[in-house]
file model.cif (mmCIF, C-alpha atoms)
data_model
#
loop_
_atom_site.label_atom_id
_atom_site.label_comp_id
_atom_site.auth_asym_id
_atom_site.auth_seq_id
_atom_site.Cartn_x
_atom_site.Cartn_y
_atom_site.Cartn_z
CA MET V 172 37.19 116.12 292.01
CA PRO V 173 38.38 115.73 295.63
CA LEU V 174 36.08 117.17 298.27
CA LYS V 175 37.55 120.00 300.35
CA LEU V 176 36.45 120.10 303.98
CA THR V 177 36.18 123.67 305.26
CA GLN V 178 34.45 123.07 308.61
CA LEU V 179 33.59 120.06 310.74
CA SER V 180 29.87 120.70 310.49
CA ASP V 181 30.16 119.84 306.77
CA LEU V 182 30.47 116.18 307.73
CA ALA V 183 26.85 116.06 308.89
CA SER V 184 25.48 117.03 305.46
CA LEU V 185 27.83 115.36 302.99
CA PRO V 186 25.99 113.88 299.96
CA PHE V 187 27.61 110.46 300.37
CA ASP V 188 26.22 107.10 301.42
CA GLN V 189 29.30 106.07 303.39
CA ILE V 190 32.75 107.31 304.39
CA ILE V 191 35.51 104.76 303.81
CA ASP V 192 38.86 105.02 305.59
CA VAL V 193 41.38 103.01 303.56
CA ARG V 194 44.28 103.51 305.97
CA SER V 195 45.71 100.57 307.91
CA PRO V 196 43.77 99.18 310.90
CA ALA V 197 46.35 100.70 313.28
CA GLU V 198 45.90 104.18 311.79
CA PHE V 199 42.12 103.79 311.92
CA ALA V 200 42.19 102.65 315.56
CA LEU V 201 44.20 105.69 316.60
CA ASP V 202 41.60 108.06 315.16
CA HIS V 203 39.30 108.44 312.18
CA VAL V 204 36.55 110.60 310.76
CA PRO V 205 33.43 109.90 312.87
CA GLY V 206 31.13 107.39 311.22
CA ALA V 207 33.78 106.09 308.81
CA ILE V 208 34.27 102.37 308.22
CA ASN V 209 37.71 100.83 307.74
CA LEU V 210 38.37 99.00 304.48
CA PRO V 211 42.18 99.09 304.49
CA ALA V 212 44.09 99.33 301.23
CA MET V 213 47.01 97.80 303.13
CA SER V 214 47.28 95.91 306.41
CA ASN V 215 49.57 97.14 309.16
CA ASP V 216 52.36 94.80 308.08
CA GLU V 217 51.89 95.54 304.38
CA ARG V 218 52.08 99.29 304.95
CA ALA V 219 55.27 98.87 306.99
CA ARG V 220 56.81 96.65 304.32
CA VAL V 221 56.07 99.05 301.45
CA GLY V 222 57.33 101.99 303.48
CA THR V 223 60.60 100.22 304.21
CA ILE V 224 61.12 99.39 300.53
CA TYR V 225 60.36 103.01 299.58
CA VAL V 226 62.95 104.41 301.98
CA GLN V 227 65.66 101.75 301.88
CA GLU V 228 65.46 100.38 298.34
CA ASP V 229 63.56 102.05 295.50
CA PRO V 230 60.42 104.24 295.40
CA PHE V 231 59.36 102.76 292.03
CA LYS V 232 59.60 99.22 293.40
CA ALA V 233 57.59 100.26 296.46
CA ARG V 234 54.82 101.77 294.30
CA LYS V 235 54.63 98.66 292.12
CA ILE V 236 54.42 96.31 295.10
CA GLY V 237 51.98 98.66 296.81
CA ALA V 238 49.72 98.71 293.76
CA ALA V 239 49.54 94.92 293.73
CA ILE V 240 48.71 94.83 297.44
CA VAL V 241 45.99 97.49 297.09
CA ALA V 242 44.43 95.64 294.14
CA ARG V 243 44.26 92.37 296.11
CA ASN V 244 42.77 94.04 299.16
CA VAL V 245 40.20 95.99 297.16
CA ALA V 246 39.16 92.73 295.49
CA THR V 247 38.59 91.24 298.95
CA HIS V 248 36.44 94.22 299.96
CA LEU V 249 34.44 94.01 296.71
CA GLU V 250 33.69 90.35 297.35
CA GLY V 251 32.98 91.08 301.03
CA PRO V 252 31.37 94.18 302.60
CA LEU V 253 30.93 96.03 299.28
CA SER V 254 29.29 93.10 297.48
CA VAL V 255 25.80 94.17 298.61
CA LYS V 256 26.06 97.77 297.35
CA GLU V 257 23.74 98.82 294.52
CA GLY V 258 24.69 100.78 291.42
CA SER V 259 23.69 104.10 293.03
CA TYR V 260 26.24 103.68 295.85
CA LYS V 261 28.17 106.89 296.51
CA PRO V 262 31.17 106.46 298.87
CA LEU V 263 33.65 109.07 300.10
CA VAL V 264 37.16 107.61 300.41
CA TYR V 265 40.13 108.98 302.33
CA CYS V 266 43.62 107.96 303.42
CA TRP V 267 46.40 109.72 305.34
CA ARG V 268 47.11 112.59 302.91
CA GLY V 269 44.48 112.05 300.25
CA GLY V 270 47.08 110.54 297.95
CA GLN V 271 47.79 107.19 296.38
CA ARG V 272 45.87 104.84 298.66
CA SER V 273 42.53 106.66 298.51
CA GLY V 274 43.08 107.68 294.89
CA SER V 275 43.78 104.10 293.82
CA VAL V 276 40.74 102.72 295.64
CA ALA V 277 38.47 105.49 294.31
CA ILE V 278 39.56 104.83 290.71
CA ILE V 279 38.57 101.16 291.01
CA LEU V 280 35.22 102.04 292.59
CA LYS V 281 34.52 104.58 289.85
CA GLN V 282 35.31 102.05 287.14
CA ILE V 283 32.64 99.79 288.60
CA GLY V 284 30.14 102.63 288.18
CA TRP V 285 29.92 103.95 291.72
CA ARG V 286 30.13 107.71 292.27
CA ALA V 287 33.17 107.61 294.52
CA ASP V 288 35.15 110.66 295.57
CA THR V 289 38.06 111.45 297.91
CA ILE V 290 38.80 114.02 300.63
CA GLU V 291 41.36 116.63 299.61
CA GLY V 292 44.26 116.31 302.02
CA GLY V 293 42.83 113.11 303.53
CA TYR V 294 42.78 112.50 307.26
CA GLN V 295 45.36 115.25 307.82
CA ALA V 296 42.95 117.87 306.48
CA TYR V 297 40.25 116.61 308.86
CA ARG V 298 42.70 116.56 311.77
CA ARG V 299 43.69 120.19 311.12
CA LEU V 300 40.04 121.21 311.52
CA VAL V 301 39.82 119.29 314.81
CA SER V 302 42.98 120.94 316.14
CA LYS V 303 41.79 124.37 315.08
CA ALA V 304 38.47 123.92 316.86
CA LEU V 305 40.03 122.72 320.13
CA TYR V 306 43.32 124.60 320.28
CA GLU V 307 42.79 127.84 318.35
CA GLY V 308 39.06 128.51 318.27
CA ALA V 309 36.46 129.57 320.82
CA MET V 310 33.48 127.89 322.41
CA PRO V 311 30.55 128.21 320.01
CA CYS V 312 28.03 128.84 322.80
CA PRO V 313 27.79 129.66 326.53
CA MET V 314 28.64 126.90 329.00
CA VAL V 315 27.21 125.83 332.36
CA VAL V 316 29.12 123.37 334.55
CA ILE V 317 27.29 120.78 336.66
CA ASP V 318 29.42 120.57 339.81
CA GLY V 319 29.15 118.79 343.12
CA GLY V 320 30.86 116.25 345.34
CA THR V 321 31.41 112.63 344.42
CA GLY V 322 28.16 110.70 344.29
CA THR V 323 25.80 113.64 343.70
CA ALA V 324 24.62 112.06 340.41
CA LYS V 325 26.05 114.72 338.11
CA THR V 326 26.19 112.35 335.14
CA ARG V 327 22.62 111.20 335.65
CA LEU V 328 21.44 114.82 335.83
CA LEU V 329 23.31 115.50 332.60
CA ASP V 330 21.44 112.57 331.03
CA HIS V 331 18.10 114.01 332.16
CA LEU V 332 19.03 117.41 330.73
CA ALA V 333 19.82 115.77 327.38
CA GLN V 334 16.58 113.77 327.44
CA GLN V 335 14.65 117.03 327.87
CA GLY V 336 16.33 118.69 324.91
CA ALA V 337 19.17 120.62 326.51
CA GLN V 338 22.55 120.84 324.82
CA THR V 339 25.06 118.65 326.65
CA LEU V 340 28.58 117.29 326.24
CA ASP V 341 29.17 114.04 328.12
CA LEU V 342 32.94 114.27 328.51
CA GLU V 343 33.18 111.08 330.56
CA ALA V 344 31.36 109.06 327.92
CA MET V 345 33.65 110.49 325.24
CA ALA V 346 36.71 109.67 327.35
CA GLU V 347 35.29 106.28 328.41
CA HIS V 348 36.26 107.09 331.99
CA ARG V 349 34.27 108.24 335.02
CA GLY V 350 36.87 110.75 336.14
CA SER V 351 38.33 109.10 339.24
CA LEU V 352 40.59 106.23 340.28
CA PHE V 353 37.45 104.07 340.10
CA GLY V 354 36.65 105.49 336.69
CA PRO V 355 37.76 103.21 333.79
CA MET V 356 34.71 102.01 331.86
CA GLY V 357 36.54 99.38 329.82
CA ASP V 358 39.93 97.86 329.18
CA ALA V 359 41.37 101.04 327.65
CA GLN V 360 40.46 104.64 326.91
CA PRO V 361 40.47 105.96 323.33
CA SER V 362 43.57 107.74 322.06
CA GLN V 363 43.93 111.47 322.72
CA LYS V 364 43.23 112.12 319.02
CA ALA V 365 40.08 109.98 319.05
CA PHE V 366 38.88 111.78 322.20
CA GLU V 367 39.49 115.11 320.50
CA SER V 368 37.54 113.97 317.43
CA ARG V 369 34.55 113.22 319.63
CA LEU V 370 34.86 116.58 321.38
CA ALA V 371 35.26 118.58 318.18
CA MET V 372 32.27 116.93 316.52
CA GLY V 373 30.24 117.57 319.68
CA LEU V 374 31.14 121.27 319.55
CA ALA V 375 30.30 121.45 315.84
CA LYS V 376 26.70 120.41 316.56
CA LEU V 377 26.03 123.07 319.22
CA GLN V 378 23.58 125.92 318.66
CA PRO V 379 25.21 129.27 319.51
CA ASN V 380 22.14 130.83 321.18
CA ARG V 381 21.74 128.12 323.83
CA PRO V 382 24.01 127.03 326.70
CA VAL V 383 25.75 123.67 326.76
CA TYR V 384 25.88 121.74 330.04
CA VAL V 385 28.97 119.75 330.99
CA GLU V 386 30.00 117.88 334.12
CA ALA V 387 32.80 119.35 336.23
CA GLU V 388 36.12 117.59 335.63
CA SER V 389 39.77 118.11 336.34
CA SER V 390 41.98 119.03 333.38
CA LYS V 391 42.44 115.30 332.71
CA ILE V 392 39.87 112.51 332.50
CA GLY V 393 41.85 109.40 333.20
CA ARG V 394 44.91 109.80 331.00
CA LEU V 395 43.20 112.10 328.47
CA ILE V 396 43.73 115.86 328.51
CA ILE V 397 40.82 118.25 328.00
CA PRO V 398 41.94 120.61 325.17
CA PRO V 399 42.43 124.30 326.05
CA VAL V 400 39.40 125.80 324.27
CA LEU V 401 37.08 123.58 326.29
CA TRP V 402 39.09 123.66 329.52
CA GLN V 403 39.33 127.46 329.66
CA ALA V 404 35.59 127.73 329.07
CA MET V 405 34.94 125.24 331.90
CA ILE V 406 37.09 127.24 334.31
CA ALA V 407 35.26 130.48 333.50
CA ALA V 408 31.73 129.04 333.32
CA PRO V 409 29.09 129.47 336.03
CA ASN V 410 28.49 126.37 338.15
CA LEU V 411 25.38 124.59 339.30
CA ARG V 412 26.66 122.95 342.50
CA LEU V 413 24.73 119.87 343.62
CA THR V 414 24.45 118.66 347.18
CA ALA V 415 22.63 115.56 348.42
CA PRO V 416 22.29 113.58 351.67
CA LEU V 417 25.26 111.33 352.40
CA GLU V 418 23.24 108.11 352.39
CA ALA V 419 21.68 108.98 349.03
CA ARG V 420 25.18 109.49 347.63
CA VAL V 421 26.32 106.16 349.09
CA ASP V 422 23.40 104.31 347.49
CA HIS V 423 23.99 106.04 344.16
CA LEU V 424 27.68 105.16 344.04
CA ILE V 425 27.08 101.52 344.95
CA SER V 426 24.65 101.19 342.05
CA ALA V 427 26.86 103.23 339.68
CA TYR V 428 29.92 100.98 340.02
CA PRO V 429 28.71 97.40 339.54
CA ASP V 430 32.06 96.51 337.92
CA MET V 431 33.85 97.17 341.21
CA ARG V 432 31.47 94.98 343.18
CA ALA V 433 31.78 92.21 340.62
CA ASP V 434 35.61 92.14 340.62
CA GLU V 435 37.21 92.16 344.06
CA THR V 436 40.73 92.06 342.62
CA LYS V 437 40.03 95.17 340.54
CA LEU V 438 38.57 96.93 343.58
CA HIS V 439 41.56 96.04 345.74
CA THR V 440 43.93 97.31 343.05
CA VAL V 441 42.22 100.70 343.06
CA LEU V 442 42.19 100.86 346.85
CA ASP V 443 45.93 100.15 346.85
CA MET V 444 46.38 103.30 344.76
CA LEU V 445 44.97 105.34 347.65
CA THR V 446 47.81 104.22 349.94
CA ARG V 447 49.94 107.20 348.89
CA TYR V 448 47.20 109.55 350.12
CA HIS V 449 46.06 107.81 353.32
CA GLY V 450 48.70 105.25 354.27
CA HIS V 451 48.82 101.48 354.37
CA GLU V 452 46.66 101.06 357.46
CA LYS V 453 43.71 102.97 355.99
CA ALA V 454 44.00 101.22 352.62
CA ALA V 455 44.09 97.85 354.39
CA HIS V 456 40.93 98.78 356.31
CA TRP V 457 39.15 99.64 353.08
CA LYS V 458 40.23 96.35 351.51
CA THR V 459 38.87 94.49 354.55
CA LEU V 460 35.50 96.19 354.06
CA ALA V 461 35.61 95.30 350.35
CA SER V 462 36.35 91.65 351.09
CA ALA V 463 33.47 91.58 353.56
CA LYS V 464 31.26 93.15 350.86
CA ASP V 465 30.37 95.98 353.23
CA TYR V 466 30.08 98.37 350.34
CA ALA V 467 27.96 100.89 352.20
CA GLU V 468 30.55 101.47 354.94
CA LEU V 469 33.39 101.41 352.41
CA THR V 470 31.70 104.00 350.20
CA ARG V 471 30.73 106.19 353.16
CA ASP V 472 34.30 106.20 354.47
CA LEU V 473 35.76 106.93 351.03
CA ILE V 474 33.43 109.91 350.61
CA GLU V 475 34.17 111.38 354.03
CA THR V 476 37.90 110.61 354.16
CA HIS V 477 39.04 110.99 350.56
CA TYR V 478 36.56 112.49 348.13
CA ASP V 479 34.85 115.30 350.06
CA PRO V 480 38.12 116.80 351.44
CA ARG V 481 39.64 116.58 347.94
CA TYR V 482 36.58 118.25 346.40
CA MET V 483 36.79 121.12 348.90
CA ARG V 484 40.46 121.70 348.05
CA LEU V 485 39.74 121.77 344.32
CA SER V 486 36.75 124.07 344.79
CA ARG V 487 38.90 126.58 346.62
CA ALA V 488 41.61 126.33 343.96
CA HIS V 489 39.16 127.04 341.12
CA PRO V 490 36.50 129.36 342.55
CA SER V 491 33.66 130.29 340.20
CA ALA V 492 30.17 131.70 340.27
CA ALA V 493 27.98 128.94 341.65
CA LYS V 494 24.31 128.35 342.33
CA ASP V 495 23.72 125.69 344.96
CA ILE V 496 21.06 123.07 344.24
CA ALA V 497 20.15 120.96 347.27
CA LEU V 498 18.69 117.64 346.15
CA PRO V 499 16.52 115.88 348.77
CA ASP V 500 17.33 112.53 347.14
CA LEU V 501 18.83 111.16 343.95
CA SER V 502 15.80 109.46 342.44
CA ASP V 503 15.14 109.78 338.73
CA GLN V 504 11.99 111.72 339.55
CA THR V 505 13.96 114.33 341.49
CA LEU V 506 16.69 114.56 338.86
CA ALA V 507 14.14 114.93 336.04
CA ALA V 508 12.35 117.72 337.92
CA THR V 509 15.68 119.43 338.58
CA ALA V 510 16.57 119.24 334.88
CA THR V 511 13.23 120.83 334.02
CA GLN V 512 13.89 123.71 336.42
CA ILE V 513 17.42 124.26 335.04
CA ILE V 514 16.21 124.37 331.44
CA ALA V 515 13.45 126.80 332.39
CA THR V 516 16.09 129.33 333.48
CA GLU V 517 17.54 129.41 329.94
CA THR V 518 14.65 131.59 328.76
CA ALA V 519 13.72 133.17 332.10
#

call {"tool": "encode", "arguments": {"input": "model.cif", "output": "structure tokens"}}
result
Amino acid sequence: MPLKLTQLSDLASLPFDQIIDVRSPAEFALDHVPGAINLPAMSNDERARVGTIYVQEDPFKARKIGAAIVARNVATHLEGPLSVKEGSYKPLVYCWRGGQRSGSVAIILKQIGWRADTIEGGYQAYRRLVSKALYEGAMPCPMVVIDGGTGTAKTRLLDHLAQQGAQTLDLEAMAEHRGSLFGPMGDAQPSQKAFESRLAMGLAKLQPNRPVYVEAESSKIGRLIIPPVLWQAMIAAPNLRLTAPLEARVDHLISAYPDMRADETKLHTVLDMLTRYHGHEKAAHWKTLASAKDYAELTRDLIETHYDPRYMRLSRAHPSAAKDIALPDLSDQTLAATATQIIATETA
């Protein structure tokens, strides 16, 4: 009997060995249930072909052709990744709506002797729970925002908080972006839906009687939008505002962006984007410093000319209760001690 998901936290305790997404690779790449593997019943092209036949020719013909395709692909999976599974294997299978694709695959797996089941409503049922959590629900626990100017090691402090057992949400890691023009961590960010899946599952794991710490962000991280439940909580949350000596911030940023130092073309491209804020002459000066590998002067000038004035404007636009934390340096020892002090206030 199909499994009905009632809340996202159910996913952490499902009595299944593996979750199998049988949608096409393109559907899987856009978003999927966290932890699922992709064993497609149809490839991208096959799904498009069957859909076209269904709409333009004959639904019966489409189902017959689709059945043959699914059977061939399942045979490939059985001879490939599923060939090592023992008789006790218990997979949970889903497709887009919990219909023919997942049902067909589950029937074959059951006939082998595996205890396969499907998700009622498929991916769409899961997606409705994600949307409800992020667009209609409420934060499951109090929130504290780690704020501060560029280069004050907010992400590293968040890491130390997590290492010491605090509840954290690393929004930049989930978005695969460091929250500035210099921020992309890879070739591309995840889709908005995939980002929301990561957020929703993070919220589902939070304990209601303890605060969750997040890093201050704008309403967008790169091209991804922070959903309203989280964003409204961030706006209203108390802030821990970090400050640190300028030279410590410069050293931290130089070490935090090795990709920019390794790729001069990439660095120049980002600096060109700042032309609209500071003009061609200033951008050209920054590019000269980059070409000369004078990263300390470049970083210092970017902090003083671009990032600190911008941070002050944003701070005035979104005032909130804040406790200032003056860091003497940005060493791991100092950040670990600061994390310990912050956590101690939870029960003080």

call {"tool": "resolve_selection", "arguments": {"input": "model.cif", "expression": "the PyMOL selection byres ((chain V and resi 229-239) around 12)", "output": "compact mmCIF listing (two decimals) with C-alpha atoms, in the coordinates of the input"}}
result
# COMPACT_ATOMS: atom_id res chain seq x y z
CA ALA V 212 44.09 99.33 301.23
CA MET V 213 47.01 97.80 303.13
CA SER V 214 47.28 95.91 306.41
CA ASP V 216 52.36 94.80 308.08
CA GLU V 217 51.89 95.54 304.38
CA ARG V 218 52.08 99.29 304.95
CA ALA V 219 55.27 98.87 306.99
CA ARG V 220 56.81 96.65 304.32
CA VAL V 221 56.07 99.05 301.45
CA GLY V 222 57.33 101.99 303.48
CA THR V 223 60.60 100.22 304.21
CA ILE V 224 61.12 99.39 300.53
CA TYR V 225 60.36 103.01 299.58
CA VAL V 226 62.95 104.41 301.98
CA GLN V 227 65.66 101.75 301.88
CA GLU V 228 65.46 100.38 298.34
CA ILE V 240 48.71 94.83 297.44
CA VAL V 241 45.99 97.49 297.09
CA ALA V 242 44.43 95.64 294.14
CA ARG V 243 44.26 92.37 296.11
CA ASN V 244 42.77 94.04 299.16
CA VAL V 245 40.20 95.99 297.16
CA ALA V 246 39.16 92.73 295.49
CA GLN V 271 47.79 107.19 296.38
CA ARG V 272 45.87 104.84 298.66
CA SER V 273 42.53 106.66 298.51
CA GLY V 274 43.08 107.68 294.89
CA SER V 275 43.78 104.10 293.82
CA VAL V 276 40.74 102.72 295.64
CA ILE V 279 38.57 101.16 291.01

call {"tool": "resolve_selection", "arguments": {"input": "model.cif", "expression": "the PyMOL selection byres ((chain V and resi 422) around 12)", "output": "ChimeraX atom specification"}}
result
/V:321-324,415-421,423-429,466-471,474,500-502

call {"tool": "resolve_selection", "arguments": {"input": "model.cif", "expression": "the PyMOL selection byres ((chain V and resi 287-298) around 7)", "output": "PyMOL selection string"}}
result
chain V and resi 172-175+261-269+273-274+277+280-281+285-286+299-302

call {"tool": "axis_aligned_box", "arguments": {"input": "model.cif", "around": "range 413-421 of chain V", "padding_each_side": "3 Å", "output": "lines of an AutoDock Vina configuration file"}}
result
center_x = 24.0
center_y = 113.0
center_z = 348.0
size_x = 10.6
size_y = 19.7
size_z = 14.8

call {"tool": "atom_distance", "arguments": {"input": "model.cif", "atom1": "CA of Thr516 in chain V", "atom2": "CA of Arg381 in chain V"}}
result
11.2 Å

call {"tool": "residues_around", "arguments": {"input": "model.cif", "residues": "range 368-376 of chain V", "least_positions_apart": "5", "cutoff": "12 Å", "atoms": "only C-alpha atoms", "output": "MDAnalysis selection string"}}
result
chainID V and resid 178:184 201:206 294 297:314 338:347 361:363 381:385 395:402

call {"tool": "residues_around", "arguments": {"input": "model.cif", "residues": "Thr476 in chain V", "least_positions_apart": "3", "cutoff": "12 Å", "atoms": "all atoms listed in the file", "output": "list in words"}}
result
Thr321, Leu445, Tyr448, His449, Lys453, Ala454, Trp457, Glu468, Leu469, Thr470, Arg471, Asp472, Leu473, Asp479, Pro480, Arg481, Tyr482 and Met483 of chain V

call {"tool": "residues_around", "arguments": {"input": "model.cif", "residues": "Val315 in chain V", "least_positions_apart": "6", "cutoff": "6 Å", "atoms": "only C-alpha atoms", "output": "VMD selection string"}}
result
chain V and resid 384 408 to 410

call {"tool": "atom_distance", "arguments": {"input": "model.cif", "atom1": "CA of Ile191 in chain V", "atom2": "CA of Leu249 in chain V"}}
result
12.9 Å

call {"tool": "atom_distance", "arguments": {"input": "model.cif", "atom1": "CA of His348 in chain V", "atom2": "CA of Ile406 in chain V"}}
result
20.3 Å

call {"tool": "closest_residue", "arguments": {"input": "model.cif", "among": "V:Leu332, V:Leu210, V:Ala461, V:Val441", "to": "Pro196 in chain V", "atoms": "all atoms listed in the file"}}
result
V:Leu210

call {"tool": "build_atoms", "arguments": {"input": "model.cif", "residues": "range 329-349 of chain V", "atoms": "N, CA and C atoms", "output": "PDB file, in the frame of the given file"}}
result
ATOM      1  N   LEU V 329      22.957 115.140 333.972  1.00  0.00           N
ATOM      2  CA  LEU V 329      23.310 115.500 332.600  1.00  0.00           C
ATOM      3  C   LEU V 329      22.472 114.699 331.609  1.00  0.00           C
ATOM      4  N   ASP V 330      22.267 113.415 331.887  1.00  0.00           N
ATOM      5  CA  ASP V 330      21.440 112.570 331.030  1.00  0.00           C
ATOM      6  C   ASP V 330      19.998 113.090 330.979  1.00  0.00           C
ATOM      7  N   HIS V 331      19.472 113.488 332.131  1.00  0.00           N
ATOM      8  CA  HIS V 331      18.100 114.010 332.160  1.00  0.00           C
ATOM      9  C   HIS V 331      18.002 115.328 331.395  1.00  0.00           C
ATOM     10  N   LEU V 332      19.021 116.165 331.498  1.00  0.00           N
ATOM     11  CA  LEU V 332      19.030 117.410 330.730  1.00  0.00           C
ATOM     12  C   LEU V 332      18.990 117.105 329.228  1.00  0.00           C
ATOM     13  N   ALA V 333      19.792 116.133 328.802  1.00  0.00           N
ATOM     14  CA  ALA V 333      19.820 115.770 327.380  1.00  0.00           C
ATOM     15  C   ALA V 333      18.472 115.200 326.933  1.00  0.00           C
ATOM     16  N   GLN V 334      17.867 114.372 327.780  1.00  0.00           N
ATOM     17  CA  GLN V 334      16.580 113.770 327.440  1.00  0.00           C
ATOM     18  C   GLN V 334      15.496 114.833 327.264  1.00  0.00           C
ATOM     19  N   GLN V 335      15.653 115.964 327.960  1.00  0.00           N
ATOM     20  CA  GLN V 335      14.650 117.030 327.870  1.00  0.00           C
ATOM     21  C   GLN V 335      15.020 118.094 326.847  1.00  0.00           C
ATOM     22  N   GLY V 336      16.027 117.803 326.029  1.00  0.00           N
ATOM     23  CA  GLY V 336      16.330 118.690 324.910  1.00  0.00           C
ATOM     24  C   GLY V 336      17.425 119.698 325.124  1.00  0.00           C
ATOM     25  N   ALA V 337      18.076 119.684 326.282  1.00  0.00           N
ATOM     26  CA  ALA V 337      19.170 120.620 326.510  1.00  0.00           C
ATOM     27  C   ALA V 337      20.406 120.187 325.731  1.00  0.00           C
ATOM     28  N   GLN V 338      21.272 121.145 325.448  1.00  0.00           N
ATOM     29  CA  GLN V 338      22.550 120.840 324.820  1.00  0.00           C
ATOM     30  C   GLN V 338      23.513 120.343 325.900  1.00  0.00           C
ATOM     31  N   THR V 339      24.122 119.199 325.680  1.00  0.00           N
ATOM     32  CA  THR V 339      25.060 118.650 326.650  1.00  0.00           C
ATOM     33  C   THR V 339      26.281 118.084 325.939  1.00  0.00           C
ATOM     34  N   LEU V 340      27.382 118.015 326.673  1.00  0.00           N
ATOM     35  CA  LEU V 340      28.580 117.290 326.240  1.00  0.00           C
ATOM     36  C   LEU V 340      28.924 116.324 327.371  1.00  0.00           C
ATOM     37  N   ASP V 341      28.835 115.050 327.107  1.00  0.00           N
ATOM     38  CA  ASP V 341      29.170 114.040 328.120  1.00  0.00           C
ATOM     39  C   ASP V 341      30.645 113.694 327.967  1.00  0.00           C
ATOM     40  N   LEU V 342      31.489 114.432 328.657  1.00  0.00           N
ATOM     41  CA  LEU V 342      32.940 114.270 328.510  1.00  0.00           C
ATOM     42  C   LEU V 342      33.395 112.896 328.989  1.00  0.00           C
ATOM     43  N   GLU V 343      32.775 112.385 330.050  1.00  0.00           N
ATOM     44  CA  GLU V 343      33.180 111.080 330.560  1.00  0.00           C
ATOM     45  C   GLU V 343      32.851 109.964 329.583  1.00  0.00           C
ATOM     46  N   ALA V 344      31.707 110.062 328.922  1.00  0.00           N
ATOM     47  CA  ALA V 344      31.360 109.060 327.920  1.00  0.00           C
ATOM     48  C   ALA V 344      32.338 109.124 326.751  1.00  0.00           C
ATOM     49  N   MET V 345      32.695 110.333 326.336  1.00  0.00           N
ATOM     50  CA  MET V 345      33.650 110.490 325.240  1.00  0.00           C
ATOM     51  C   MET V 345      35.027 109.955 325.605  1.00  0.00           C
ATOM     52  N   ALA V 346      35.403 110.138 326.882  1.00  0.00           N
ATOM     53  CA  ALA V 346      36.710 109.670 327.350  1.00  0.00           C
ATOM     54  C   ALA V 346      36.677 108.222 327.825  1.00  0.00           C
ATOM     55  N   GLU V 347      35.466 107.644 327.916  1.00  0.00           N
ATOM     56  CA  GLU V 347      35.290 106.280 328.410  1.00  0.00           C
ATOM     57  C   GLU V 347      35.950 106.101 329.784  1.00  0.00           C
ATOM     58  N   HIS V 348      35.671 107.078 330.645  1.00  0.00           N
ATOM     59  CA  HIS V 348      36.260 107.090 331.990  1.00  0.00           C
ATOM     60  C   HIS V 348      35.390 107.957 332.882  1.00  0.00           C
ATOM     61  N   ARG V 349      35.173 107.518 334.126  1.00  0.00           N
ATOM     62  CA  ARG V 349      34.270 108.240 335.020  1.00  0.00           C
ATOM     63  C   ARG V 349      34.979 109.280 335.880  1.00  0.00           C
TER      64      ARG V 349
END
